[in-house]
file work.pdb (PDB, C-alpha atoms, pLDDT in the B column)
ATOM      1  CA  MET W   1      37.488 129.408 -32.462  1.00 82.00           C
ATOM      2  CA  PRO W   2      41.236 129.551 -31.704  1.00 82.00           C
ATOM      3  CA  PRO W   3      42.438 130.750 -28.298  1.00 85.00           C
ATOM      4  CA  THR W   4      43.068 134.470 -27.906  1.00 90.00           C
ATOM      5  CA  GLU W   5      46.211 136.181 -26.677  1.00 91.00           C
ATOM      6  CA  ASP W   6      44.223 137.284 -23.612  1.00 94.00           C
ATOM      7  CA  GLN W   7      43.525 133.623 -22.783  1.00 96.00           C
ATOM      8  CA  ASP W   8      47.224 132.807 -23.167  1.00 97.00           C
ATOM      9  CA  GLU W   9      48.191 135.786 -20.997  1.00 97.00           C
ATOM     10  CA  GLN W  10      45.745 134.744 -18.261  1.00 97.00           C
ATOM     11  CA  PHE W  11      46.904 131.127 -18.396  1.00 98.00           C
ATOM     12  CA  CYS W  12      50.581 132.101 -18.189  1.00 98.00           C
ATOM     13  CA  SER W  13      50.113 134.661 -15.433  1.00 97.00           C
ATOM     14  CA  SER W  14      47.995 132.395 -13.246  1.00 97.00           C
ATOM     15  CA  HIS W  15      50.196 129.294 -13.640  1.00 97.00           C
ATOM     16  CA  CYS W  16      53.408 131.219 -12.968  1.00 96.00           C
ATOM     17  CA  LEU W  17      51.900 133.012  -9.960  1.00 94.00           C
ATOM     18  CA  ALA W  18      50.616 129.714  -8.552  1.00 95.00           C
ATOM     19  CA  ALA W  19      54.143 128.312  -8.851  1.00 94.00           C
ATOM     20  CA  GLY W  20      55.536 131.225  -6.819  1.00 93.00           C
ATOM     21  CA  TYR W  21      57.176 133.257  -9.568  1.00 94.00           C
ATOM     22  CA  CYS W  22      57.104 137.063  -9.862  1.00 94.00           C
ATOM     23  CA  CYS W  23      56.838 139.344 -12.892  1.00 95.00           C
ATOM     24  CA  ASN W  24      53.643 137.695 -14.079  1.00 95.00           C
ATOM     25  CA  ASP W  25      52.812 140.523 -16.493  1.00 96.00           C
ATOM     26  CA  TYR W  26      54.634 139.285 -19.595  1.00 96.00           C
ATOM     27  CA  THR W  27      55.128 142.871 -20.808  1.00 95.00           C
ATOM     28  CA  VAL W  28      57.417 143.594 -17.832  1.00 91.00           C
ATOM     29  CA  GLY W  29      60.655 141.798 -17.080  1.00 88.00           C
ATOM     30  CA  SER W  30      63.545 142.377 -14.696  1.00 93.00           C
ATOM     31  CA  ASN W  31      67.195 141.563 -14.004  1.00 94.00           C
ATOM     32  CA  GLN W  32      67.848 140.956 -17.722  1.00 95.00           C
ATOM     33  CA  MET W  33      66.227 137.539 -17.277  1.00 95.00           C
ATOM     34  CA  ILE W  34      63.151 136.021 -18.950  1.00 96.00           C
ATOM     35  CA  SER W  35      60.240 135.635 -16.535  1.00 96.00           C
ATOM     36  CA  CYS W  36      58.038 132.588 -16.288  1.00 97.00           C
ATOM     37  CA  ALA W  37      55.143 134.519 -17.870  1.00 97.00           C
ATOM     38  CA  GLN W  38      57.325 135.787 -20.713  1.00 98.00           C
ATOM     39  CA  ALA W  39      58.596 132.274 -21.454  1.00 97.00           C
ATOM     40  CA  CYS W  40      55.056 130.912 -21.375  1.00 97.00           C
ATOM     41  CA  MET W  41      53.954 133.597 -23.860  1.00 97.00           C
ATOM     42  CA  MET W  42      56.911 132.688 -26.084  1.00 97.00           C
ATOM     43  CA  ARG W  43      55.514 129.123 -26.060  1.00 96.00           C
ATOM     44  CA  ALA W  44      52.063 130.465 -26.939  1.00 96.00           C
ATOM     45  CA  ARG W  45      53.628 132.359 -29.829  1.00 95.00           C
ATOM     46  CA  GLY W  46      55.376 129.382 -31.377  1.00 94.00           C
ATOM     47  CA  SER W  47      58.548 128.563 -29.438  1.00 95.00           C
ATOM     48  CA  ASN W  48      59.174 125.085 -28.078  1.00 93.00           C
ATOM     49  CA  TYR W  49      61.038 123.912 -24.999  1.00 94.00           C
ATOM     50  CA  GLU W  50      63.932 122.468 -26.968  1.00 93.00           C
ATOM     51  CA  GLU W  51      64.819 125.913 -28.375  1.00 94.00           C
ATOM     52  CA  MET W  52      64.212 127.655 -25.055  1.00 96.00           C
ATOM     53  CA  GLY W  53      65.497 125.467 -22.203  1.00 95.00           C
ATOM     54  CA  THR W  54      68.778 126.261 -20.485  1.00 95.00           C
ATOM     55  CA  ASP W  55      69.647 122.557 -20.690  1.00 94.00           C
ATOM     56  CA  HIS W  56      69.537 123.005 -24.484  1.00 93.00           C
ATOM     57  CA  ASN W  57      71.557 126.274 -24.395  1.00 95.00           C
ATOM     58  CA  GLY W  58      68.321 127.953 -25.460  1.00 96.00           C
ATOM     59  CA  THR W  59      66.689 131.337 -25.061  1.00 96.00           C
ATOM     60  CA  CYS W  60      66.303 130.880 -21.296  1.00 97.00           C
ATOM     61  CA  LYS W  61      70.065 130.693 -20.797  1.00 96.00           C
ATOM     62  CA  ARG W  62      70.561 134.276 -19.634  1.00 93.00           C
ATOM     63  CA  ASP W  63      72.169 136.076 -16.733  1.00 87.00           C
ATOM     64  CA  GLY W  64      72.290 139.580 -15.290  1.00 85.00           C
ATOM     65  CA  GLN W  65      74.497 140.709 -18.166  1.00 91.00           C
ATOM     66  CA  SER W  66      72.375 139.426 -21.072  1.00 93.00           C
ATOM     67  CA  GLY W  67      70.767 142.707 -22.096  1.00 95.00           C
ATOM     68  CA  CYS W  68      67.443 144.462 -21.711  1.00 96.00           C
ATOM     69  CA  GLY W  69      65.571 143.187 -24.721  1.00 95.00           C
ATOM     70  CA  LEU W  70      65.071 140.284 -27.090  1.00 95.00           C
ATOM     71  CA  GLU W  71      62.938 139.560 -30.129  1.00 96.00           C
ATOM     72  CA  VAL W  72      61.501 136.049 -30.368  1.00 95.00           C
ATOM     73  CA  ASN W  73      59.282 134.962 -33.268  1.00 93.00           C
ATOM     74  CA  GLY W  74      58.707 138.602 -34.225  1.00 95.00           C
ATOM     75  CA  ASN W  75      57.638 139.660 -30.712  1.00 95.00           C
ATOM     76  CA  SER W  76      59.695 141.994 -28.515  1.00 96.00           C
ATOM     77  CA  TYR W  77      60.293 141.322 -24.818  1.00 96.00           C
ATOM     78  CA  SER W  78      61.993 143.602 -22.308  1.00 95.00           C
ATOM     79  CA  PHE W  79      63.880 142.628 -19.174  1.00 95.00           C
ATOM     80  CA  CYS W  80      64.998 145.784 -17.348  1.00 94.00           C
ATOM     81  CA  GLN W  81      61.914 147.075 -15.537  1.00 93.00           C
ATOM     82  CA  ARG W  82      60.595 146.737 -12.013  1.00 92.00           C
ATOM     83  CA  CYS W  83      57.881 144.130 -11.602  1.00 93.00           C
ATOM     84  CA  MET W  84      54.764 145.112  -9.689  1.00 93.00           C
ATOM     85  CA  ASP W  85      54.114 141.711  -8.075  1.00 93.00           C
ATOM     86  CA  LEU W  86      57.273 141.155  -6.026  1.00 91.00           C
ATOM     87  CA  GLN W  87      57.077 138.557  -3.232  1.00 87.00           C
ATOM     88  CA  ASP W  88      59.373 137.221  -0.519  1.00 88.00           C
ATOM     89  CA  SER W  89      60.388 134.409  -2.898  1.00 84.00           C
ATOM     90  CA  CYS W  90      61.462 136.923  -5.552  1.00 86.00           C
ATOM     91  CA  PRO W  91      62.119 140.319  -3.922  1.00 89.00           C
ATOM     92  CA  PHE W  92      63.977 141.673  -6.962  1.00 89.00           C
ATOM     93  CA  GLY W  93      61.875 140.144  -9.730  1.00 92.00           C
ATOM     94  CA  VAL W  94      63.172 137.350 -11.910  1.00 93.00           C
ATOM     95  CA  GLN W  95      65.660 135.490  -9.751  1.00 92.00           C
ATOM     96  CA  SER W  96      67.234 133.092 -12.271  1.00 93.00           C
ATOM     97  CA  SER W  97      66.756 131.215 -15.522  1.00 95.00           C
ATOM     98  CA  GLU W  98      64.690 128.687 -13.531  1.00 95.00           C
ATOM     99  CA  ALA W  99      61.652 130.962 -13.994  1.00 96.00           C
ATOM    100  CA  CYS W 100      62.075 130.861 -17.761  1.00 97.00           C
ATOM    101  CA  ASP W 101      62.575 127.097 -17.821  1.00 97.00           C
ATOM    102  CA  PHE W 102      59.369 126.605 -15.833  1.00 97.00           C
ATOM    103  CA  GLY W 103      57.386 128.892 -18.175  1.00 97.00           C
ATOM    104  CA  ALA W 104      58.874 127.174 -21.221  1.00 96.00           C
ATOM    105  CA  ARG W 105      57.467 123.853 -19.959  1.00 95.00           C
ATOM    106  CA  LEU W 106      53.912 125.177 -19.685  1.00 96.00           C
ATOM    107  CA  ASN W 107      51.378 124.565 -22.442  1.00 94.00           C
ATOM    108  CA  PRO W 108      49.239 127.687 -22.877  1.00 96.00           C
ATOM    109  CA  PRO W 109      46.093 127.418 -25.026  1.00 94.00           C
ATOM    110  CA  SER W 110      47.746 128.648 -28.245  1.00 92.00           C
ATOM    111  CA  ALA W 111      50.839 126.439 -27.932  1.00 88.00           C
ATOM    112  CA  ASN W 112      51.214 123.805 -30.608  1.00 78.00           C
ATOM    113  CA  PRO W 113      50.504 120.485 -28.828  1.00 70.00           C
ATOM    114  CA  GLU W 114      53.079 118.805 -31.072  1.00 68.00           C
ATOM    115  CA  GLN W 115      55.704 121.115 -29.549  1.00 64.00           C
ATOM    116  CA  ALA W 116      54.890 120.157 -25.965  1.00 61.00           C
ATOM    117  CA  PRO W 117      57.926 119.578 -23.773  1.00 63.00           C
ATOM    118  CA  THR W 118      59.293 116.059 -23.846  1.00 57.00           C
ATOM    119  CA  MET W 119      59.957 116.085 -20.101  1.00 55.00           C
ATOM    120  CA  PRO W 120      57.617 116.546 -17.142  1.00 48.00           C
ATOM    121  CA  PRO W 121      57.268 120.035 -15.664  1.00 50.00           C
ATOM    122  CA  ILE W 122      59.543 120.939 -12.778  1.00 52.00           C
ATOM    123  CA  ASP W 123      58.335 122.126  -9.422  1.00 54.00           C
ATOM    124  CA  ALA W 124      59.027 125.761  -8.619  1.00 51.00           C
ATOM    125  CA  PRO W 125      61.195 126.386  -5.585  1.00 49.00           C
ATOM    126  CA  GLY W 126      59.037 126.631  -2.505  1.00 46.00           C
ATOM    127  CA  ALA W 127      55.876 125.656  -4.360  1.00 45.00           C
ATOM    128  CA  GLY W 128      53.992 122.403  -4.614  1.00 42.00           C
ATOM    129  CA  ALA W 129      53.565 120.596  -7.887  1.00 39.00           C
ATOM    130  CA  TRP W 130      50.983 122.203 -10.134  1.00 38.00           C
TER     131      TRP W 130
END
call {"tool": "encode", "arguments": {"input": "work.pdb", "output": "structure tokens"}}
result
Amino acid sequence: MPPTEDQDEQFCSSHCLAAGYCCNDYTVGSNQMISCAQACMMRARGSNYEEMGTDHNGTCKRDGQSGCGLEVNGNSYSFCQRCMDLQDSCPFGVQSSEACDFGARLNPPSANPEQAPTMPPIDAPGAGAW
């Protein structure tokens, strides 16, 4: 039986939270940036790191002027709400494209293993290696 979207959502939320990121409900984004959880769900839904990573001028390369929404692989994501899980490490939500890059390196259950990142995951700021 293939993994469900609920399993992907739980995987993404828990891994991003453990790494110290905020906005771990992929349906809510902030600061016009892609959250870790949103990037992880994009991976689950068919994207790969090479098309997402900021070092590849990918989807994660956004700033506070990038707009409030984006469609990726037929799924809509929004980036102009207030996250409900703010922490000291991210008092305003998504702090930078680093959150997206981290999420894009995760391998949720539905991600195609052949599209796994070709580089090791990065450590989140202020968090230990996962």
call {"tool": "resolve_selection", "arguments": {"input": "work.pdb", "expression": "the PyMOL selection byres ((chain W and resi 47) around 9)", "output": "PDB file with C-alpha atoms, keeping the file's coordinate frame"}}
result
ATOM      1  CA  ALA W  39      58.596 132.274 -21.454  1.00 97.00           C
ATOM      2  CA  MET W  41      53.954 133.597 -23.860  1.00 97.00           C
ATOM      3  CA  MET W  42      56.911 132.688 -26.084  1.00 97.00           C
ATOM      4  CA  ARG W  43      55.514 129.123 -26.060  1.00 96.00           C
ATOM      5  CA  ALA W  44      52.063 130.465 -26.939  1.00 96.00           C
ATOM      6  CA  ARG W  45      53.628 132.359 -29.829  1.00 95.00           C
ATOM      7  CA  GLY W  46      55.376 129.382 -31.377  1.00 94.00           C
ATOM      8  CA  ASN W  48      59.174 125.085 -28.078  1.00 93.00           C
ATOM      9  CA  TYR W  49      61.038 123.912 -24.999  1.00 94.00           C
ATOM     10  CA  GLU W  50      63.932 122.468 -26.968  1.00 93.00           C
ATOM     11  CA  GLU W  51      64.819 125.913 -28.375  1.00 94.00           C
ATOM     12  CA  MET W  52      64.212 127.655 -25.055  1.00 96.00           C
ATOM     13  CA  VAL W  72      61.501 136.049 -30.368  1.00 95.00           C
ATOM     14  CA  ASN W  73      59.282 134.962 -33.268  1.00 93.00           C
ATOM     15  CA  ALA W 104      58.874 127.174 -21.221  1.00 96.00           C
ATOM     16  CA  ALA W 111      50.839 126.439 -27.932  1.00 88.00           C
ATOM     17  CA  ASN W 112      51.214 123.805 -30.608  1.00 78.00           C
ATOM     18  CA  GLN W 115      55.704 121.115 -29.549  1.00 64.00           C
TER      19      GLN W 115
END
call {"tool": "resolve_selection", "arguments": {"input": "work.pdb", "expression": "the PyMOL selection byres ((chain W and resi 8) around 9)", "output": "list in words"}}
result
Pro3, Thr4, Glu5, Asp6, Gln7, Glu9, Gln10, Phe11, Cys12, Ser13, Cys40, Met41, Ala44, Pro108, Pro109, Ser110 and Ala111 of chain W
call {"tool": "write_last_selection", "arguments": {"input": "work.pdb", "atoms": "C-alpha atoms", "output": "JSON list (two decimals), in the frame of the given file"}}
result
[["chain", "number", "residue", "atom", "x", "y", "z"],
["W", 3, "PRO", "CA", 42.44, 130.75, -28.30],
["W", 4, "THR", "CA", 43.07, 134.47, -27.91],
["W", 5, "GLU", "CA", 46.21, 136.18, -26.68],
["W", 6, "ASP", "CA", 44.22, 137.28, -23.61],
["W", 7, "GLN", "CA", 43.52, 133.62, -22.78],
["W", 9, "GLU", "CA", 48.19, 135.79, -21.00],
["W", 10, "GLN", "CA", 45.74, 134.74, -18.26],
["W", 11, "PHE", "CA", 46.90, 131.13, -18.40],
["W", 12, "CYS", "CA", 50.58, 132.10, -18.19],
["W", 13, "SER", "CA", 50.11, 134.66, -15.43],
["W", 40, "CYS", "CA", 55.06, 130.91, -21.38],
["W", 41, "MET", "CA", 53.95, 133.60, -23.86],
["W", 44, "ALA", "CA", 52.06, 130.46, -26.94],
["W", 108, "PRO", "CA", 49.24, 127.69, -22.88],
["W", 109, "PRO", "CA", 46.09, 127.42, -25.03],
["W", 110, "SER", "CA", 47.75, 128.65, -28.24],
["W", 111, "ALA", "CA", 50.84, 126.44, -27.93]]
call {"tool": "atom_distance", "arguments": {"input": "work.pdb", "atom1": "CA of Asp85 in chain W", "atom2": "CA of Ile34 in chain W"}}
result
15.2 Å
call {"tool": "axis_aligned_box", "arguments": {"input": "work.pdb", "around": "range 61-64 of chain W", "padding_each_side": "5 Å", "output": "lines of an AutoDock Vina configuration file"}}
result
center_x = 71.2
center_y = 135.1
center_z = -18.0
size_x = 12.2
size_y = 18.9
size_z = 15.5
call {"tool": "atom_distance", "arguments": {"input": "work.pdb", "atom1": "CA of Ala18 in chain W", "atom2": "CA of Met84 in chain W"}}
result
16.0 Å
call {"tool": "closest_residue", "arguments": {"input": "work.pdb", "among": "W:Ser14, W:Ser97, W:Ser66, W:Thr27", "to": "Gln81 in chain W", "atoms": "all atoms listed in the file"}}
result
W:Thr27
call {"tool": "atom_distance", "arguments": {"input": "work.pdb", "atom1": "CA of Gly67 in chain W", "atom2": "CA of Met33 in chain W"}}
result
8.4 Å
call {"tool": "closest_residue", "arguments": {"input": "work.pdb", "among": "W:Gln65, W:Val94, W:Thr54, W:His15", "to": "Arg82 in chain W", "atoms": "all atoms listed in the file"}}
result
W:Val94
call {"tool": "resolve_selection", "arguments": {"input": "work.pdb", "expression": "the PyMOL selection byres ((chain W and resi 32) around 12)", "output": "MDAnalysis selection string"}}
result
chainID W and resid 28:31 33:35 60:70 77:82 92:97 100
call {"tool": "closest_residue", "arguments": {"input": "work.pdb", "among": "W:Gly58, W:Pro91, W:Gly74, W:Gly53", "to": "Gly103 in chain W", "atoms": "only C-alpha atoms"}}
result
W:Gly53
call {"tool": "closest_residue", "arguments": {"input": "work.pdb", "among": "W:Leu86, W:Thr59, W:Phe102, W:Asn107", "to": "Cys22 in chain W", "atoms": "all atoms listed in the file"}}
result
W:Leu86
call {"tool": "closest_residue", "arguments": {"input": "work.pdb", "among": "W:Asp55, W:Gln87, W:Pro113, W:Pro2", "to": "Asn24 in chain W", "atoms": "only C-alpha atoms"}}
result
W:Gln87
